[in-house]
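*Asks:* The structure follows.
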Amino acid sequence: MAPSLEKTIYVGAFVHSKSLQELEICQMGAIGVDENGTIAFVERYVTDEAPRKKDGWESAKIVKVGENGFFFPGFIDTHIHASQYPNAGIFGKSTLLDWLNTYTFPLESSLSSLARAKQVYNRVVSRTLSHGTTTAAYYATVHVASTNLLADICLEKGQRAFVGRVCMNTLSPDYYRDASIEDGIRDSKASIDYIQQIDPNAELVAPIITPRFAPSCTSECLRALGDLHRETGVHCQTHISENKPEVALVKELFPESKSYADVYYAAGLLTPKMILAHAVHLTEEEVALIKACGAKISHCPASNTALTSGCAKVRELIESGITVGLGTDVSGGFSPSVLEMARQAIWVSRFVAMNDGDQAKLSTEEVLYLATRGGAKVVGLEEKVGGFEVGMDWDAQMIGLGAVPDGGESNLEADDPVDIFGWESWDDRVAKWVYNGNDKSTVAVWVKGRLVHQTSRYER
């Protein structure tokens, strides 16, 4: 990707997570981003003109955020099926296994058509960017050409992404599966090679090995993918313990394994580069195994509720030492918004608290951490993205909140959904955004210093 043409100083309020419990809110700051999209300095409590006085930054471009707005790190979606986006919101009364056969496999198989894949992938990448998602871990389909097309589109639009060709050699319909293990490994290698060719240094786009989930892969298939993981060193992603019938099916299909997690462990897939989605019904032994192996978990609260899969005990996972991020899990999840997942994670934690006590509840600060720094750790990019530190890339969103005029009347169609009356503290403003904001609140988005999304409210 070409570097930006000029140094830029982003002036105004900024908010980011310092730790799981601590959110830093700087009401007036300046963040300097160099020509390569890297944060060169961060200054707190400055005047408008102070940043220009820095040596070498006298002619830098200035971007200011509005009075009620702030800069926030880009969201990281650690689990999303790009190929399922047209079905977002369509799941009826189904649960996981019948949902796959009724809705998912027919749609995904149709993306063998590059014209249809282009329509779907262009829209899902644009839509997620509009919601402030600067990094996404995408599942594509079994098709090499359309998987590669998704990587091309992410690179063209400037979204940071992990793109995976889905691997499966059983369970799914005959018309939509790998013809053989050998074919599946060959096709996965082809997609890995292509993605590494178009972005050799993985500046934005990287491949990810993607066994759909254990029931759709034989033991031999999983072991072959484990070998591929070891040979290539690229990340992996899959599902685990999403609902109880699925867990029972895994026990039936893999009687030699001690647990669902052990299936992946035996295949050589349970490593620090593995992203496990859901993890709703893990046993204590599985939690210990995942922690020992350093694998990561993507919490998908909206999907788990929509498909009546259950409530993941996120507090227990975090306290066990497992790294957790948030995933939209489109289209099991109904929304491509990570901000919506932050809200949903709060609600799910409160359902858990009904049985486990108040300590299970997640706070606003904690879900924003999971949406940014937590997600960055899940995908192995914690040194690059997720916060505003010198040396990190400028993956950021400009948030604009609506000011309510004195009389209270205004054009509600054009207004931001978050109403700021003027007496709110900054903590209150952030909380209002978390609970009421949507893509209309996202004025502009940058990835590695490049402006990749803007609305009419953005003033250059």
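Ordering of the structure tokens sets the chain letters (A, B, ...), residue numbers begin anew at 1 in every chain, and ligands are numbered from 1 in the order given.
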Quick one: DSSP helix (DSSP H, G or I) residues in region 247-447 of chain A, as JSON, numbers by chain?
*Replies:* {"A": [247, 248, 249, 250, 251, 252, 253, 260, 261, 262, 263, 264, 265, 266, 284, 285, 286, 287, 288, 289, 290, 291, 292, 293, 301, 302, 303, 304, 305, 306, 314, 315, 316, 317, 318, 319, 338, 339, 340, 341, 342, 343, 344, 345, 346, 347, 348, 349, 350, 351, 352, 353, 354, 355, 356, 358, 359, 360, 364, 365, 366, 367, 368, 369, 370, 371, 372, 373, 374, 375, 376, 377, 378, 426, 427, 428, 429, 430, 431, 432, 433, 434, 435, 436, 439, 440, 441]}
*Asks:* Could you write out, as an MDAnalysis selection string, all the residues of region 42-231 of chain A that DSSP marks as strand (DSSP E)?
*Replies:* chainID A and resid 42:44 61:64 70:73 75:81 133:139 160:164 166:167 205:211
*Asks:* How many Å lie between CA of Ala248 (chain A) and CA of Ile90 (chain A), rounded to one decimal?
*Replies:* 25.6 Å
*Asks:* Quick one: everything within 12 Å of Pro173 (chain A), counting only C-alpha atoms, minus sequence neighbours fewer than 5 positions away in the same chain. Send it as a ChimeraX atom specification.
*Replies:* /A:100-102,104-106,108-109,168,178-179,216
*Asks:* Take the residues from that selection and write them out as an mmCIF file, in the first residue's frame, keeping C-alpha atoms.
*Replies:*
data_model
loop_
_atom_site.group_PDB
_atom_site.id
_atom_site.type_symbol
_atom_site.label_atom_id
_atom_site.label_comp_id
_atom_site.auth_asym_id
_atom_site.auth_seq_id
_atom_site.Cartn_x
_atom_site.Cartn_y
_atom_site.Cartn_z
ATOM 1 C CA LEU A 100 -26.228 -24.250 8.353
ATOM 2 C CA ASN A 101 -28.214 -26.496 6.029
ATOM 3 C CA THR A 102 -31.183 -24.175 5.580
ATOM 4 C CA THR A 104 -25.704 -20.992 5.079
ATOM 5 C CA PHE A 105 -24.472 -23.743 2.785
ATOM 6 C CA PRO A 106 -26.738 -22.751 -0.147
ATOM 7 C CA GLU A 108 -21.938 -19.854 0.421
ATOM 8 C CA SER A 109 -21.965 -22.339 -2.460
ATOM 9 C CA MET A 168 -14.438 -29.124 5.036
ATOM 10 C CA ASP A 178 -13.684 -30.358 -0.688
ATOM 11 C CA ALA A 179 -13.559 -33.293 -3.091
ATOM 12 C CA SER A 216 -17.172 -30.783 9.015
#
*Asks:* Kindly assemble as a Markdown table a list of the region 246-294 of chain A residues that lie within 12 Å of region 68-83 of chain A, each paired with its nearest atom pair and their distance in Å to one decimal, using only C-alpha atoms, sorted first by chain and then by ascending residue number.
*Replies:*
| residue | atom | partner | partner_atom | distance |
| --- | --- | --- | --- | --- |
| A:Met274 | CA | A:Thr78 | CA | 11.1 |
| A:Ile275 | CA | A:Thr78 | CA | 7.8 |
| A:Leu276 | CA | A:His79 | CA | 8.8 |
| A:Ala277 | CA | A:His79 | CA | 6.7 |
| A:His278 | CA | A:His79 | CA | 9.3 |
*Asks:* Neighbouring residues of Val367 (chain A) were defined as those with any atom within 8 Å, considering only C-alpha atoms; residues of the same chain fewer than 6 positions away were excluded. Please report them as JSON, numbers by chain.
*Replies:* {"A": [342, 343, 345, 346]}
*Asks:* Go through A:Gly56, A:Thr210, A:His281, A:Ala302 one by one, measure the shortest atom-to-atom distance of each to Ser335 (chain A) using only C-alpha atoms, and give the residue with the smallest value.
*Replies:*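 Going through A:Gly56, A:Thr210, A:His281, A:Ala302 one by one, the smallest distance to Ser335 (chain A) is for A:Ala302.
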*Asks:* Would you mind listing what lies within 8 Å of Ser241 (chain A) as a PyMOL selection string, with only C-alpha atoms counted and same-chain residues fewer than 6 positions away left out?
*Replies:* chain A and resi 247+260+278-282
*Asks:* Taking 5 positions as the minimum chain separation for residues in the same chain, which residues sit within 12 Å of Gln84 (chain A) when counting only C-alpha atoms? Answer as number ranges by chain.
*Replies:* A: 89-91, 99-100, 103-111, 117, 120-121, 123-124, 138-141, 328-336
*Asks:* Emit the selected residues as a compact mmCIF listing (two decimals), in the first residue's frame, including N, CA, C and O atoms.
*Replies:*
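File selection.txt, as written:
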# COMPACT_ATOMS: atom_id res chain seq x y z
N GLY A 89 -29.38 -11.21 9.66
CA GLY A 89 -30.74 -10.98 10.13
C GLY A 89 -31.72 -12.06 9.73
O GLY A 89 -32.89 -12.03 10.14
N ILE A 90 -31.26 -13.04 8.94
CA ILE A 90 -32.14 -14.12 8.50
C ILE A 90 -31.71 -15.41 9.19
O ILE A 90 -30.68 -15.99 8.86
N PHE A 91 -32.47 -15.84 10.18
CA PHE A 91 -32.15 -17.10 10.84
C PHE A 91 -33.39 -17.81 11.38
O PHE A 91 -33.33 -18.94 11.84
N TRP A 99 -29.59 -24.42 10.87
CA TRP A 99 -29.33 -23.11 10.25
C TRP A 99 -28.29 -23.24 9.14
O TRP A 99 -28.43 -22.64 8.07
N LEU A 100 -27.26 -24.05 9.37
CA LEU A 100 -26.23 -24.25 8.35
C LEU A 100 -26.83 -24.82 7.07
O LEU A 100 -26.55 -24.34 5.97
N TYR A 103 -29.84 -22.16 5.56
CA TYR A 103 -29.48 -20.82 5.10
C TYR A 103 -28.05 -20.71 4.57
O TYR A 103 -27.80 -20.06 3.55
N THR A 104 -27.11 -21.33 5.27
CA THR A 104 -25.70 -20.99 5.08
C THR A 104 -25.06 -21.70 3.89
O THR A 104 -24.46 -21.05 3.03
N PHE A 105 -25.15 -23.02 3.86
CA PHE A 105 -24.47 -23.74 2.78
C PHE A 105 -24.98 -23.35 1.39
O PHE A 105 -24.16 -23.16 0.47
N PRO A 106 -26.29 -23.18 1.19
CA PRO A 106 -26.74 -22.75 -0.15
C PRO A 106 -26.18 -21.39 -0.55
O PRO A 106 -25.77 -21.19 -1.71
N LEU A 107 -26.16 -20.43 0.39
CA LEU A 107 -25.63 -19.10 0.06
C LEU A 107 -24.14 -19.17 -0.24
O LEU A 107 -23.69 -18.64 -1.27
N GLU A 108 -23.38 -19.81 0.63
CA GLU A 108 -21.94 -19.85 0.42
C GLU A 108 -21.59 -20.54 -0.90
O GLU A 108 -20.69 -20.10 -1.62
N SER A 109 -22.28 -21.62 -1.22
CA SER A 109 -21.97 -22.34 -2.46
C SER A 109 -22.21 -21.48 -3.69
O SER A 109 -21.53 -21.64 -4.71
N SER A 110 -23.15 -20.53 -3.59
CA SER A 110 -23.47 -19.67 -4.73
C SER A 110 -22.33 -18.70 -5.06
O SER A 110 -22.30 -18.13 -6.16
N LEU A 111 -21.40 -18.52 -4.12
CA LEU A 111 -20.31 -17.57 -4.36
C LEU A 111 -19.18 -18.18 -5.19
O LEU A 111 -18.11 -17.59 -5.34
N ALA A 117 -19.87 -13.09 -5.93
CA ALA A 117 -18.90 -12.90 -4.84
C ALA A 117 -18.44 -11.45 -4.78
O ALA A 117 -18.30 -10.88 -3.69
N VAL A 120 -21.13 -9.32 -3.11
CA VAL A 120 -21.21 -9.55 -1.67
C VAL A 120 -19.99 -9.00 -0.95
O VAL A 120 -20.12 -8.29 0.06
N TYR A 121 -18.81 -9.29 -1.46
CA TYR A 121 -17.60 -8.91 -0.73
C TYR A 121 -17.34 -7.41 -0.78
O TYR A 121 -16.85 -6.83 0.20
N ARG A 123 -19.61 -5.19 -0.75
CA ARG A 123 -20.53 -4.58 0.20
C ARG A 123 -20.14 -4.86 1.65
O ARG A 123 -20.18 -3.97 2.49
N VAL A 124 -19.74 -6.07 1.96
CA VAL A 124 -19.44 -6.38 3.36
C VAL A 124 -18.20 -5.63 3.84
O VAL A 124 -18.15 -5.15 4.97
N TYR A 138 -11.79 -12.85 8.42
CA TYR A 138 -12.87 -13.27 7.54
C TYR A 138 -12.83 -14.77 7.21
O TYR A 138 -11.76 -15.32 6.92
N TYR A 139 -13.99 -15.39 7.21
CA TYR A 139 -14.20 -16.68 6.57
C TYR A 139 -14.76 -16.38 5.19
O TYR A 139 -15.72 -15.60 5.05
N ALA A 140 -14.22 -17.02 4.16
CA ALA A 140 -14.76 -16.89 2.80
C ALA A 140 -15.59 -18.14 2.50
O ALA A 140 -16.53 -18.43 3.21
N THR A 141 -15.23 -18.87 1.46
CA THR A 141 -15.92 -20.12 1.10
C THR A 141 -14.86 -21.15 0.73
O THR A 141 -13.67 -20.91 0.89
N THR A 328 -18.46 -10.44 15.36
CA THR A 328 -19.85 -10.24 14.94
C THR A 328 -20.48 -11.56 14.53
O THR A 328 -21.69 -11.73 14.64
N ASP A 329 -19.68 -12.49 14.03
CA ASP A 329 -20.16 -13.77 13.51
C ASP A 329 -21.31 -13.60 12.55
O ASP A 329 -22.28 -14.38 12.56
N VAL A 330 -21.25 -12.58 11.71
CA VAL A 330 -22.21 -12.50 10.60
C VAL A 330 -22.10 -13.81 9.82
O VAL A 330 -21.00 -14.28 9.52
N SER A 331 -23.25 -14.50 9.52
CA SER A 331 -24.60 -14.02 9.68
C SER A 331 -25.37 -14.71 10.79
O SER A 331 -26.58 -14.49 10.93
N GLY A 332 -24.68 -15.58 11.57
CA GLY A 332 -25.33 -16.03 12.79
C GLY A 332 -25.64 -14.82 13.65
O GLY A 332 -26.69 -14.72 14.27
N GLY A 333 -24.70 -13.89 13.67
CA GLY A 333 -24.92 -12.58 14.26
C GLY A 333 -25.61 -11.69 13.26
O GLY A 333 -25.30 -11.72 12.07
N PHE A 334 -26.53 -10.87 13.74
CA PHE A 334 -27.38 -10.11 12.83
C PHE A 334 -26.76 -8.79 12.36
O PHE A 334 -27.26 -8.17 11.43
N SER A 335 -25.68 -8.35 13.01
CA SER A 335 -25.13 -7.03 12.71
C SER A 335 -23.63 -7.10 12.41
O SER A 335 -22.90 -7.84 13.07
N PRO A 336 -23.14 -6.31 11.44
CA PRO A 336 -21.71 -6.24 11.16
C PRO A 336 -20.97 -5.24 12.05
O PRO A 336 -19.82 -4.93 11.80
*Asks:* If you measure from CA of Glu6 (chain A) to CA of Gln27 (chain A), what distance in Å do you get, rounded to one decimal?
*Replies:* 25.3 Å
*Asks:* Work out how far CA of Glu220 (chain A) is from CA of Asp193 (chain A), in Å to one decimal.
*Replies:*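 Atom-to-atom, CA of Asp193 (chain A) and CA of Glu220 (chain A) are spaced 22.7 Å apart.
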*Asks:* I'd like the neighbourhood of region 371-373 of chain A as a ChimeraX atom specification, where a residue qualifies if any of its atoms comes within 10 Å (using only C-alpha atoms), though same-chain residues fewer than 6 positions away should be ignored.
*Replies:* /A:16-20,72-78,133-135,324-327,338-339,341-342,381-387
*Asks:* Point out the residue among A:Trp433, A:Phe388, A:Tyr458, A:Phe213 with the least atom-to-atom distance to Ala30 (chain A), counting only C-alpha atoms.
*Replies:*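 Among the listed residues, A:Phe388 lies closest to Ala30 (chain A).
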*Asks:* Have a look at A:Gly380, A:Gly400, A:Ser337, A:Glu319 and name the one nearest to Gln359 (chain A); count only C-alpha atoms.
*Replies:*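 Under the stated criterion, the closest residue is A:Glu319.
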